[in-house]
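structure20.pdb (PDB, C-alpha atoms (C1' of nucleotides))
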```
ATOM      1  CA  MET A  11      69.956  94.559  85.966
ATOM      2  CA  ASN A  12      72.076  97.667  86.327
ATOM      3  CA  ILE A  13      74.680  98.088  88.989
ATOM      4  CA  GLY A  14      72.471 100.196  91.246
ATOM      5  CA  ASP A  15      69.790  97.537  91.409
ATOM      6  CA  VAL A  16      72.350  94.869  92.072
ATOM      7  CA  ALA A  17      73.799  97.038  94.809
ATOM      8  CA  SER A  18      70.497  97.311  96.617
ATOM      9  CA  VAL A  19      69.650  93.656  96.111
ATOM     10  CA  SER A  20      73.021  92.326  97.204
ATOM     11  CA  GLY A  21      73.743  94.945  99.827
ATOM     12  CA  LEU A  22      77.172  95.586  98.311
ATOM     13  CA  PRO A  23      78.080  99.155  97.350
ATOM     14  CA  ALA A  24      78.298  99.765  93.608
ATOM     15  CA  LYS A  25      81.931 100.723  94.084
ATOM     16  CA  THR A  26      82.646  97.348  95.591
ATOM     17  CA  ILE A  27      80.883  95.544  92.785
ATOM     18  CA  ARG A  28      82.983  97.383  90.219
ATOM     19  CA  TYR A  29      86.028  96.495  92.226
ATOM     20  CA  TYR A  30      85.030  92.849  92.225
ATOM     21  CA  GLU A  31      84.721  92.982  88.468
ATOM     22  CA  ASP A  32      88.145  94.617  88.298
ATOM     23  CA  ILE A  33      89.754  91.769  90.153
ATOM     24  CA  GLY A  34      87.879  89.183  88.156
ATOM     25  CA  LEU A  35      85.424  87.861  90.714
ATOM     26  CA  VAL A  36      82.422  88.612  88.570
ATOM     27  CA  SER A  37      82.017  89.342  84.860
ATOM     28  CA  PRO A  38      78.801  91.135  84.020
ATOM     29  CA  LEU A  39      77.862  91.747  80.392
ATOM     30  CA  ARG A  40      77.761  95.211  78.869
ATOM     31  CA  SER A  41      74.793  96.737  77.146
ATOM     32  CA  ALA A  42      75.084  99.016  74.138
ATOM     33  CA  ASN A  43      75.433 102.153  76.254
ATOM     34  CA  GLY A  44      78.359 100.691  78.152
ATOM     35  CA  TYR A  45      76.386 100.006  81.304
ATOM     36  CA  ARG A  46      77.112  96.774  83.125
ATOM     37  CA  THR A  47      74.327  94.239  82.804
ATOM     38  CA  PHE A  48      74.123  91.662  85.545
ATOM     39  CA  ARG A  49      72.521  88.276  84.996
ATOM     40  CA  GLU A  50      70.859  86.351  87.763
ATOM     41  CA  SER A  51      74.022  84.282  88.068
ATOM     42  CA  ASP A  52      76.095  87.415  88.586
ATOM     43  CA  VAL A  53      73.769  88.668  91.278
ATOM     44  CA  HIS A  54      73.924  85.266  92.876
ATOM     45  CA  LYS A  55      77.691  85.297  92.843
ATOM     46  CA  LEU A  56      77.788  88.731  94.405
ATOM     47  CA  ALA A  57      75.466  87.663  97.176
ATOM     48  CA  PHE A  58      77.716  84.664  97.718
ATOM     49  CA  LEU A  59      80.692  86.991  97.913
ATOM     50  CA  GLY A  60      78.930  89.284 100.319
ATOM     51  CA  ARG A  61      78.244  86.443 102.686
ATOM     52  CA  ALA A  62      81.702  84.960 102.400
ATOM     53  CA  ARG A  63      83.279  88.346 103.078
ATOM     54  CA  ALA A  64      80.951  88.854 106.011
ATOM     55  CA  LEU A  65      82.342  85.650 107.435
ATOM     56  CA  GLY A  66      85.776  87.165 107.064
ATOM     57  CA  PHE A  67      87.049  85.061 104.189
ATOM     58  CA  THR A  68      89.757  86.832 102.227
ATOM     59  CA  ILE A  69      89.215  87.714  98.607
ATOM     60  CA  GLU A  70      91.488  84.865  97.597
ATOM     61  CA  ASN A  71      89.452  82.498  99.749
ATOM     62  CA  CYS A  72      86.339  83.791  98.033
ATOM     63  CA  ARG A  73      87.861  83.170  94.648
ATOM     64  CA  ASN A  74      88.527  79.580  95.593
ATOM     65  CA  LEU A  75      85.178  79.082  97.214
ATOM     66  CA  LEU A  76      83.462  80.375  94.086
ATOM     67  CA  LYS A  77      85.497  78.004  91.996
ATOM     68  CA  LEU A  78      84.546  75.095  94.218
ATOM     69  CA  TYR A  79      80.949  76.218  94.217
ATOM     70  CA  ALA A  80      80.911  76.198  90.435
ATOM     71  CA  ASP A  81      82.470  72.749  90.325
ATOM     72  CA  THR A  82      79.672  70.369  91.207
ATOM     73  CA  ASP A  83      82.208  67.568  91.403
ATOM     74  CA  ARG A  84      84.264  69.166  94.176
ATOM     75  CA  ALA A  85      85.018  67.231  97.299
ATOM     76  CA  SER A  86      83.491  68.882 100.315
ATOM     77  CA  ALA A  87      86.803  68.228 102.048
ATOM     78  CA  GLU A  88      88.386  71.011 100.024
ATOM     79  CA  VAL A  89      85.784  73.493 101.149
ATOM     80  CA  LYS A  90      86.006  72.326 104.692
ATOM     81  CA  GLN A  91      89.732  72.791 104.715
ATOM     82  CA  ILE A  92      89.483  76.399 103.614
ATOM     83  CA  ALA A  93      86.865  77.027 106.253
ATOM     84  CA  GLU A  94      88.847  75.325 108.965
ATOM     85  CA  GLU A  95      91.964  77.276 108.207
ATOM     86  CA  HIS A  96      89.949  80.436 108.314
ATOM     87  CA  LEU A  97      88.414  79.380 111.580
ATOM     88  CA  GLN A  98      91.872  78.937 113.020
ATOM     89  CA  GLN A  99      92.847  82.402 111.923
ATOM     90  CA  ILE A 100      89.752  83.827 113.526
ATOM     91  CA  ASP A 101      90.610  82.038 116.726
ATOM     92  CA  HIS A 102      94.100  83.399 116.549
ATOM     93  CA  LYS A 103      92.827  86.943 116.126
ATOM     94  CA  ILE A 104      90.333  86.568 118.915
ATOM     95  CA  GLY A 105      93.154  85.353 121.109
ATOM     96  CA  GLU A 106      95.318  88.347 120.323
ATOM     97  CA  LEU A 107      92.500  90.783 120.859
ATOM     98  CA  THR A 108      91.550  89.147 124.102
ATOM     99  CA  GLU A 109      95.064  89.514 125.415
ATOM    100  CA  MET A 110      95.153  93.149 124.385
ATOM    101  CA  ARG A 111      91.802  93.668 125.993
ATOM    102  CA  ALA A 112      92.940  92.202 129.267
ATOM    103  CA  THR A 113      96.040  94.355 129.498
ATOM    104  CA  LEU A 114      94.218  97.460 128.431
ATOM    105  CA  ALA A 115      91.286  96.895 130.764
ATOM    106  CA  HIS A 116      93.708  96.449 133.602
ATOM    107  CA  LEU A 117      95.395  99.745 132.817
ATOM    108  CA  VAL A 118      92.161 101.617 132.300
ATOM    109  CA  ASP A 119      91.008 100.332 135.626
ATOM    110  CA  ALA A 120      94.140 101.528 137.343
ATOM    111  CA  CYS A 121      93.866 105.027 135.901
ATOM    112  CA  ALA A 122      91.998 107.580 137.957
ATOM    113  CA  GLY A 123      90.974 109.495 134.867
ATOM    114  CA  ASP A 124      90.765 112.835 136.568
ATOM    115  CA  HIS A 125      92.472 116.200 136.216
ATOM    116  CA  ARG A 126      95.708 114.970 137.756
ATOM    117  CA  PRO A 127      98.614 114.056 135.484
ATOM    118  CA  ASN A 128      99.531 110.792 137.158
ATOM    119  CA  CYS A 129      98.614 108.039 134.751
ATOM    120  CA  PRO A 130      99.387 104.314 134.969
ATOM    121  CA  ILE A 131      98.505 103.883 131.299
ATOM    122  CA  LEU A 132     101.273 106.168 130.166
ATOM    123  CA  ALA A 133     103.557 104.783 132.836
ATOM    124  CA  ASP A 134     103.063 101.317 131.435
ATOM    125  CA  LEU A 135     103.602 102.372 127.858
ATOM    126  CA  ALA A 136     106.734 104.221 128.860
ATOM    127  CA  MET A 137     108.508 101.256 130.375
ATOM    128  CA  ALA A 138     108.549  97.506 130.141
ATOM    129  CA  ARG A 139     105.876  95.792 132.144
ATOM    130  CA  GLN A 140     107.145  93.794 135.063
ATOM    131  CA  GLY A 141     104.330  91.339 135.364
TER     132      GLY A 141
ATOM    133  CA  MET B  20     122.916 104.886 118.253
ATOM    134  CA  ASN B  21     122.450 103.846 114.655
ATOM    135  CA  ILE B  22     119.190 102.511 113.355
ATOM    136  CA  GLY B  23     120.267  98.885 113.503
ATOM    137  CA  ASP B  24     121.062  99.071 117.195
ATOM    138  CA  VAL B  25     117.803 100.842 117.884
ATOM    139  CA  ALA B  26     116.014  98.164 115.922
ATOM    140  CA  SER B  27     117.430  95.388 118.038
ATOM    141  CA  VAL B  28     116.915  97.276 121.281
ATOM    142  CA  SER B  29     113.346  98.330 120.535
ATOM    143  CA  GLY B  30     112.309  95.246 118.635
ATOM    144  CA  LEU B  31     111.003  97.374 115.792
ATOM    145  CA  PRO B  32     112.311  96.689 112.279
ATOM    146  CA  ALA B  33     114.568  99.406 110.881
ATOM    147  CA  LYS B  34     112.060  99.900 108.072
ATOM    148  CA  THR B  35     109.376 100.659 110.589
ATOM    149  CA  ILE B  36     111.558 103.109 112.451
ATOM    150  CA  ARG B  37     112.283 104.971 109.234
ATOM    151  CA  TYR B  38     108.586 104.971 108.524
ATOM    152  CA  TYR B  39     107.877 106.417 111.954
ATOM    153  CA  GLU B  40     110.326 109.188 111.241
ATOM    154  CA  ASP B  41     108.622 109.769 107.903
ATOM    155  CA  ILE B  42     105.285 110.317 109.535
ATOM    156  CA  GLY B  43     106.777 112.479 112.235
ATOM    157  CA  LEU B  44     106.533 110.219 115.248
ATOM    158  CA  VAL B  45     110.207 110.433 115.999
ATOM    159  CA  SER B  46     112.958 112.821 114.882
ATOM    160  CA  PRO B  47     116.438 111.405 115.245
ATOM    161  CA  LEU B  48     119.449 113.592 114.544
ATOM    162  CA  ARG B  49     121.749 113.021 111.601
ATOM    163  CA  SER B  50     125.462 112.515 111.801
ATOM    164  CA  ALA B  51     127.894 113.864 109.211
ATOM    165  CA  ASN B  52     127.649 110.765 107.058
ATOM    166  CA  GLY B  53     123.884 111.059 106.831
ATOM    167  CA  TYR B  54     123.186 108.222 109.213
ATOM    168  CA  ARG B  55     120.361 108.666 111.676
ATOM    169  CA  THR B  56     121.562 109.133 115.227
ATOM    170  CA  PHE B  57     119.103 108.211 117.935
ATOM    171  CA  ARG B  58     119.255 109.741 121.391
ATOM    172  CA  GLU B  59     118.059 107.921 124.472
ATOM    173  CA  SER B  60     114.825 109.882 124.246
ATOM    174  CA  ASP B  61     114.250 108.663 120.693
ATOM    175  CA  VAL B  62     114.836 105.084 121.694
ATOM    176  CA  HIS B  63     112.480 105.588 124.578
ATOM    177  CA  LYS B  64     109.808 106.987 122.293
ATOM    178  CA  LEU B  65     110.172 104.085 119.911
ATOM    179  CA  ALA B  66     109.806 101.591 122.719
ATOM    180  CA  PHE B  67     106.715 103.472 123.817
ATOM    181  CA  LEU B  68     105.383 103.252 120.278
ATOM    182  CA  GLY B  69     106.121  99.572 120.064
ATOM    183  CA  ARG B  70     104.146  98.872 123.193
ATOM    184  CA  ALA B  71     101.253 101.113 122.235
ATOM    185  CA  ARG B  72     101.047  99.460 118.822
ATOM    186  CA  ALA B  73     101.187  96.057 120.438
ATOM    187  CA  LEU B  74      98.122  97.060 122.401
ATOM    188  CA  GLY B  75      96.455  97.829 119.110
ATOM    189  CA  PHE B  76      96.445 101.606 119.330
ATOM    190  CA  THR B  77      96.346 103.247 115.926
ATOM    191  CA  ILE B  78      99.176 105.465 114.804
ATOM    192  CA  GLU B  79      97.025 108.519 115.422
ATOM    193  CA  ASN B  80      96.314 107.261 118.921
ATOM    194  CA  CYS B  81     100.039 106.823 119.406
ATOM    195  CA  ARG B  82     100.687 110.336 118.249
ATOM    196  CA  ASN B  83      98.253 111.644 120.831
ATOM    197  CA  LEU B  84      99.523 109.402 123.568
ATOM    198  CA  LEU B  85     103.059 110.563 122.930
ATOM    199  CA  LYS B  86     101.912 114.147 123.081
ATOM    200  CA  LEU B  87     100.176 113.516 126.385
ATOM    201  CA  TYR B  88     103.180 111.645 127.650
ATOM    202  CA  ALA B  89     105.393 114.604 126.871
ATOM    203  CA  ASP B  90     103.003 116.989 128.575
ATOM    204  CA  THR B  91     103.585 116.476 132.299
ATOM    205  CA  ASP B  92     100.567 118.655 132.977
ATOM    206  CA  ARG B  93      98.114 116.429 131.127
ATOM    207  CA  ALA B  94      94.982 115.231 132.841
ATOM    208  CA  SER B  95      94.966 111.469 133.142
ATOM    209  CA  ALA B  96      91.341 111.670 132.028
ATOM    210  CA  GLU B  97      92.486 112.429 128.498
ATOM    211  CA  VAL B  98      94.639 109.351 128.370
ATOM    212  CA  LYS B  99      91.958 107.247 129.910
ATOM    213  CA  GLN B 100      89.456 108.371 127.331
ATOM    214  CA  ILE B 101      91.682 107.333 124.463
ATOM    215  CA  ALA B 102      92.248 103.994 126.114
ATOM    216  CA  GLU B 103      88.580 103.471 126.824
ATOM    217  CA  GLU B 104      87.560 104.226 123.279
ATOM    218  CA  HIS B 105      90.150 101.805 122.060
ATOM    219  CA  LEU B 106      88.919  99.232 124.509
ATOM    220  CA  GLN B 107      85.437  99.603 123.124
ATOM    221  CA  GLN B 108      86.703  99.089 119.606
ATOM    222  CA  ILE B 109      88.525  95.983 120.685
ATOM    223  CA  ASP B 110      85.349  94.702 122.266
ATOM    224  CA  HIS B 111      83.474  95.453 119.096
ATOM    225  CA  LYS B 112      85.967  93.527 117.008
ATOM    226  CA  ILE B 113      85.978  90.630 119.396
ATOM    227  CA  GLY B 114      82.216  90.589 119.161
ATOM    228  CA  GLU B 115      82.246  90.501 115.384
ATOM    229  CA  LEU B 116      84.857  87.814 115.268
ATOM    230  CA  THR B 117      83.031  85.752 117.822
ATOM    231  CA  GLU B 118      79.873  85.879 115.746
ATOM    232  CA  MET B 119      81.785  84.892 112.642
ATOM    233  CA  ARG B 120      83.427  82.131 114.559
ATOM    234  CA  ALA B 121      80.118  80.742 115.745
ATOM    235  CA  THR B 122      78.568  80.692 112.290
ATOM    236  CA  LEU B 123      81.649  79.263 110.703
ATOM    237  CA  ALA B 124      82.153  76.632 113.356
ATOM    238  CA  HIS B 125      78.572  75.558 112.897
ATOM    239  CA  LEU B 126      79.063  75.192 109.170
ATOM    240  CA  VAL B 127      82.366  73.398 109.488
ATOM    241  CA  ASP B 128      80.725  71.011 111.889
ATOM    242  CA  ALA B 129      77.919  70.291 109.497
ATOM    243  CA  CYS B 130      80.249  69.537 106.605
ATOM    244  CA  ALA B 131      81.281  65.941 106.148
ATOM    245  CA  GLY B 132      84.570  66.966 104.587
ATOM    246  CA  ASP B 133      84.924  63.896 102.451
ATOM    247  CA  HIS B 134      85.182  63.136  98.735
ATOM    248  CA  ARG B 135      81.490  63.817  98.130
ATOM    249  CA  PRO B 136      80.424  67.162  96.669
ATOM    250  CA  ASN B 137      77.573  67.859  99.050
ATOM    251  CA  CYS B 138      78.642  70.754 101.242
ATOM    252  CA  PRO B 139      76.614  72.759 103.752
ATOM    253  CA  ILE B 140      79.250  75.468 103.812
ATOM    254  CA  LEU B 141      78.797  76.271 100.149
ATOM    255  CA  ALA B 142      75.080  75.808 100.478
ATOM    256  CA  ASP B 143      74.976  78.424 103.162
ATOM    257  CA  LEU B 144      77.112  80.878 101.269
ATOM    258  CA  ALA B 145      74.969  80.379  98.193
ATOM    259  CA  MET B 146      71.703  81.390  99.781
ATOM    260  CA  ALA B 147      70.467  83.503 102.639
ATOM    261  CA  ARG B 148      70.535  81.745 105.944
ATOM    262  CA  GLN B 149      67.143  80.949 107.320
ATOM    263  CA  GLY B 150      68.034  80.848 110.999
TER     264      GLY B 150
ATOM    265  C1'  DA C  17      66.460 122.765  76.957
ATOM    266  C1'  DT C  18      67.380 121.400  81.198
ATOM    267  C1'  DA C  19      67.473 119.085  85.529
ATOM    268  C1'  DG C  20      67.947 114.902  87.962
ATOM    269  C1'  DG C  21      69.478 110.580  88.679
ATOM    270  C1'  DG C  22      71.524 106.966  86.777
ATOM    271  C1'  DG C  23      75.934 105.176  84.694
ATOM    272  C1'  DT C  24      81.220 105.220  83.081
ATOM    273  C1'  DT C  25      86.441 105.722  83.690
ATOM    274  C1'  DC C  26      90.567 106.761  86.114
ATOM    275  C1'  DC C  27      93.327 108.297  89.768
ATOM    276  C1'  DA C  28      94.179 109.102  94.631
ATOM    277  C1'  DT C  29      93.699 107.817  99.312
ATOM    278  C1'  DC C  30      93.286 105.093 103.511
ATOM    279  C1'  DT C  31      96.335 101.878 107.378
ATOM    280  C1'  DG C  32     100.767 100.381 108.574
ATOM    281  C1'  DC C  33     103.977  98.886 107.052
ATOM    282  C1'  DT C  34     107.246  95.800 103.868
ATOM    283  C1'  DG C  35     110.297  94.613  99.834
ATOM    284  C1'  DG C  36     113.583  95.771  96.676
ATOM    285  C1'  DA C  37     116.743  98.409  93.774
ATOM    286  C1'  DA C  38     120.629 101.436  93.473
ATOM    287  C1'  DG C  39     123.962 103.358  95.782
ATOM    288  C1'  DG C  40     127.028 105.630  99.853
ATOM    289  C1'  DT C  41     129.966 104.455 104.272
ATOM    290  C1'  DC C  42     132.865 102.115 107.319
ATOM    291  C1'  DA C  43     135.826  98.691 109.606
ATOM    292  C1'  DA C  44     138.483  94.734 108.806
ATOM    293  C1'  DT C  45     141.082  91.885 106.209
ATOM    294  C1'  DA C  46     144.088  89.906 102.144
TER     295       DA C  46
ATOM    296  C1'  DT D  22     145.748  99.473  98.897
ATOM    297  C1'  DA D  23     141.932  97.040  97.255
ATOM    298  C1'  DT D  24     138.195  94.711  98.372
ATOM    299  C1'  DT D  25     134.808  92.396 100.959
ATOM    300  C1'  DG D  26     130.686  92.561 103.746
ATOM    301  C1'  DA D  27     127.771  94.659 106.843
ATOM    302  C1'  DC D  28     126.019  98.631 107.571
ATOM    303  C1'  DC D  29     123.449 102.804 106.072
ATOM    304  C1'  DT D  30     120.814 106.018 102.634
ATOM    305  C1'  DT D  31     116.797 107.272  99.346
ATOM    306  C1'  DC D  32     113.025 106.317  96.517
ATOM    307  C1'  DC D  33     109.480 103.678  94.424
ATOM    308  C1'  DA D  34     106.154  99.871  94.405
ATOM    309  C1'  DG D  35     103.004  96.927  96.557
ATOM    310  C1'  DC D  36      99.992  94.388 100.037
ATOM    311  C1'  DA D  37      94.211  94.107 101.354
ATOM    312  C1'  DG D  38      90.043  95.747 100.222
ATOM    313  C1'  DA D  39      87.967  98.893  99.309
ATOM    314  C1'  DT D  40      86.413 104.087  99.144
ATOM    315  C1'  DG D  41      86.193 109.090  97.528
ATOM    316  C1'  DG D  42      86.144 112.210  93.987
ATOM    317  C1'  DA D  43      86.622 114.372  89.440
ATOM    318  C1'  DA D  44      85.131 114.555  84.874
ATOM    319  C1'  DC D  45      82.248 112.911  81.869
ATOM    320  C1'  DC D  46      78.184 110.132  79.367
ATOM    321  C1'  DC D  47      73.171 108.549  79.224
ATOM    322  C1'  DC D  48      68.302 108.595  79.801
ATOM    323  C1'  DT D  49      63.879 110.173  81.204
ATOM    324  C1'  DA D  50      60.668 113.669  82.640
ATOM    325  C1'  DT D  51      59.252 118.101  82.606
TER     326       DT D  51
END
```

Final structure tokens representation of the file:
Amino acid sequence: MNIGDVASVSGLPAKTIRYYEDIGLVSPLRSANGYRTFRESDVHKLAFLGRARALGFTIENCRNLLKLYADTDRASAEVKQIAEEHLQQIDHKIGELTEMRATLAHLVDACAGDHRPNCPILADLAMARQG
Amino acid sequence: MNIGDVASVSGLPAKTIRYYEDIGLVSPLRSANGYRTFRESDVHKLAFLGRARALGFTIENCRNLLKLYADTDRASAEVKQIAEEHLQQIDHKIGELTEMRATLAHLVDACAGDHRPNCPILADLAMARQG
DNA sequence: ATAGGGGTTCCATCTGCTGGAAGGTCAATA
DNA sequence: TATTGACCTTCCAGCAGATGGAACCCCTAT
């Protein structure tokens, strides 16, 4: 399989697949003309990567998950730990965003949004909030 | 005021303040020895930036907000629009993260997390989810 | 032969900083 | 006066995770 086919099968852009090879996540063969040749196992790995990335795992997480996946003797505890840590980070981010959202929604609400210059959003940004 | 003082007053690292000068967000004066000299207005701007960034506004957003802030004839509608767009993006991100969280939490739940190799998390990553 | 649709490499760019090296400046102290 | 130490300066590199583009090769069909 050439990179274009793999791209459409896996849903990952060709550029991304090359990048993943660059950083050692996947190692396709090369045919005589220099084209990358992907085995089933490579395609499989890339699909794995696509899903892990879609769940927000970092590249380093992915590297470890792939390693654990390849090791049929792994303890599921190791995988679970990675996932749990990631889950915590997601929760953390959601928390931050939710706080931002609340403040911002409050300000947007307070702003008339008309032709007049008076604007509570700018007023808030310009000086420390009191409450 | 020298950069260190501004850093402690504004809460922004000196590095960040220099960076903000680099990209034209703030333009402190220079004293004879080459040190940056920040006026009250610069400090004010930096505090503004700090708060806008804390609300997740991009640098480009900040640039525009500062411009609007400086323009006492602005229409609050312009500010509100920037804020509303940003709010939508925050909502979008929260949505994505919440979906990720749900999937991941489900998987983490399903994984025994013991010494045995069997792992639903890896199983899921390895093949398309069915539902 | 030529046009097109693949593929290849390499380098630059994006966001928003952050770290570090190499060096200048200033106030206080030994 | 010399020197320490805390400042400050510039510049260059790097982080994640790609993505865009230039310049070029390859292969098939017309």

Exercise for review: Rounded to one decimal place, report the atom CA of B:His63-atom CA of A:Asp124 distance in Å.
Suggested key: 25.8 Å

Practice item. Counting all atoms listed in the file, note down every residue that has an atom within 8 Å of the point (104.1, 97.6, 99.4) (file coordinates), as a PyMOL selection string. Key: (chain C and resi 33-35) or (chain D and resi 34-36)

Hey, which bits of chain C sit within 10 Å of stretch 42-47 of chain D, and for each residue what's the closest pair of atoms and how far apart in Å (one decimal), counting all atoms listed in the file, rows by chain and increasing number, as JSON lines?
```
{"residue": "C:DG22", "atom": "C1'", "partner": "D:DC47", "partner_atom": "C1'", "distance": 7.9}
{"residue": "C:DG23", "atom": "C1'", "partner": "D:DC47", "partner_atom": "C1'", "distance": 7.0}
{"residue": "C:DT24", "atom": "C1'", "partner": "D:DC46", "partner_atom": "C1'", "distance": 6.9}
{"residue": "C:DT25", "atom": "C1'", "partner": "D:DC45", "partner_atom": "C1'", "distance": 8.5}
{"residue": "C:DC26", "atom": "C1'", "partner": "D:DA43", "partner_atom": "C1'", "distance": 9.2}
{"residue": "C:DC27", "atom": "C1'", "partner": "D:DA43", "partner_atom": "C1'", "distance": 9.1}
{"residue": "C:DA28", "atom": "C1'", "partner": "D:DG42", "partner_atom": "C1'", "distance": 8.6}
```

Taking C-alpha atoms (C1' of nucleotides) for each residue, export the selection above as a tab-separated table (two decimals), in the coordinates of the input.
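Okay, selection17.tsv is ready:
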```tsv
chain	number	residue	atom	x	y	z
C	22	DG	C1'	71.52	106.97	86.78
C	23	DG	C1'	75.93	105.18	84.69
C	24	DT	C1'	81.22	105.22	83.08
C	25	DT	C1'	86.44	105.72	83.69
C	26	DC	C1'	90.57	106.76	86.11
C	27	DC	C1'	93.33	108.30	89.77
C	28	DA	C1'	94.18	109.10	94.63
```

Point to revise | Selection result of the PyMOL selection byres ((chain D) within 12 of (chain A)) on this file, as a PyMOL selection string | key: chain D and resi 37-41+46-48

**Study point:** Residues selected by the PyMOL selection byres ((chain C and resi 19) around 10), written as an MDAnalysis selection string
**Key:** (chainID C and resid 17:18 20:21) or (chainID D and resid 50:51)

Point to revise | Residues within 8 Å of stretch 93-102 of chain B, only C-alpha atoms (C1' of nucleotides), excluding chain neighbours under 5 positions, as an MDAnalysis selection string | key: (chainID A and resid 114 118 121:129 131:132) or (chainID B and resid 80 84 87:88)

Can you list, as a PDB file with C-alpha atoms (C1' of nucleotides), keeping the file's coordinate frame, every protein, DNA or RNA residue that comes within 12 Å of D:DC28 when you count all atoms listed in the file, leaving out same-chain residues fewer than 4 positions away?
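Wrote it out as selection-v3.pdb, contents follow:
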```pdb
ATOM      1  CA  ASN B  21     122.450 103.846 114.655  1.00  0.00           C
ATOM      2  CA  ILE B  22     119.190 102.511 113.355  1.00  0.00           C
ATOM      3  CA  GLY B  23     120.267  98.885 113.503  1.00  0.00           C
ATOM      4  CA  ASP B  24     121.062  99.071 117.195  1.00  0.00           C
ATOM      5  CA  ALA B  33     114.568  99.406 110.881  1.00  0.00           C
ATOM      6  CA  TYR B  54     123.186 108.222 109.213  1.00  0.00           C
TER       7      TYR B  54
ATOM      8  C1'  DG C  40     127.028 105.630  99.853  1.00  0.00           C
ATOM      9  C1'  DT C  41     129.966 104.455 104.272  1.00  0.00           C
ATOM     10  C1'  DC C  42     132.865 102.115 107.319  1.00  0.00           C
ATOM     11  C1'  DA C  43     135.826  98.691 109.606  1.00  0.00           C
TER      12       DA C  43
END
```

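Residues surrounding A:Ala62 within 10 Å are Leu56, Ala57, Phe58, Leu59, Gly60, Ala64, Leu65, Gly66, Phe67, Thr68, Ile69, Asn71, Cys72, Leu75 and Leu76 of chain A; Ile140, Leu141, Asp143, Leu144 and Ala145 of chain B [all atoms listed in the file; sequence separation below 2 positions excluded].
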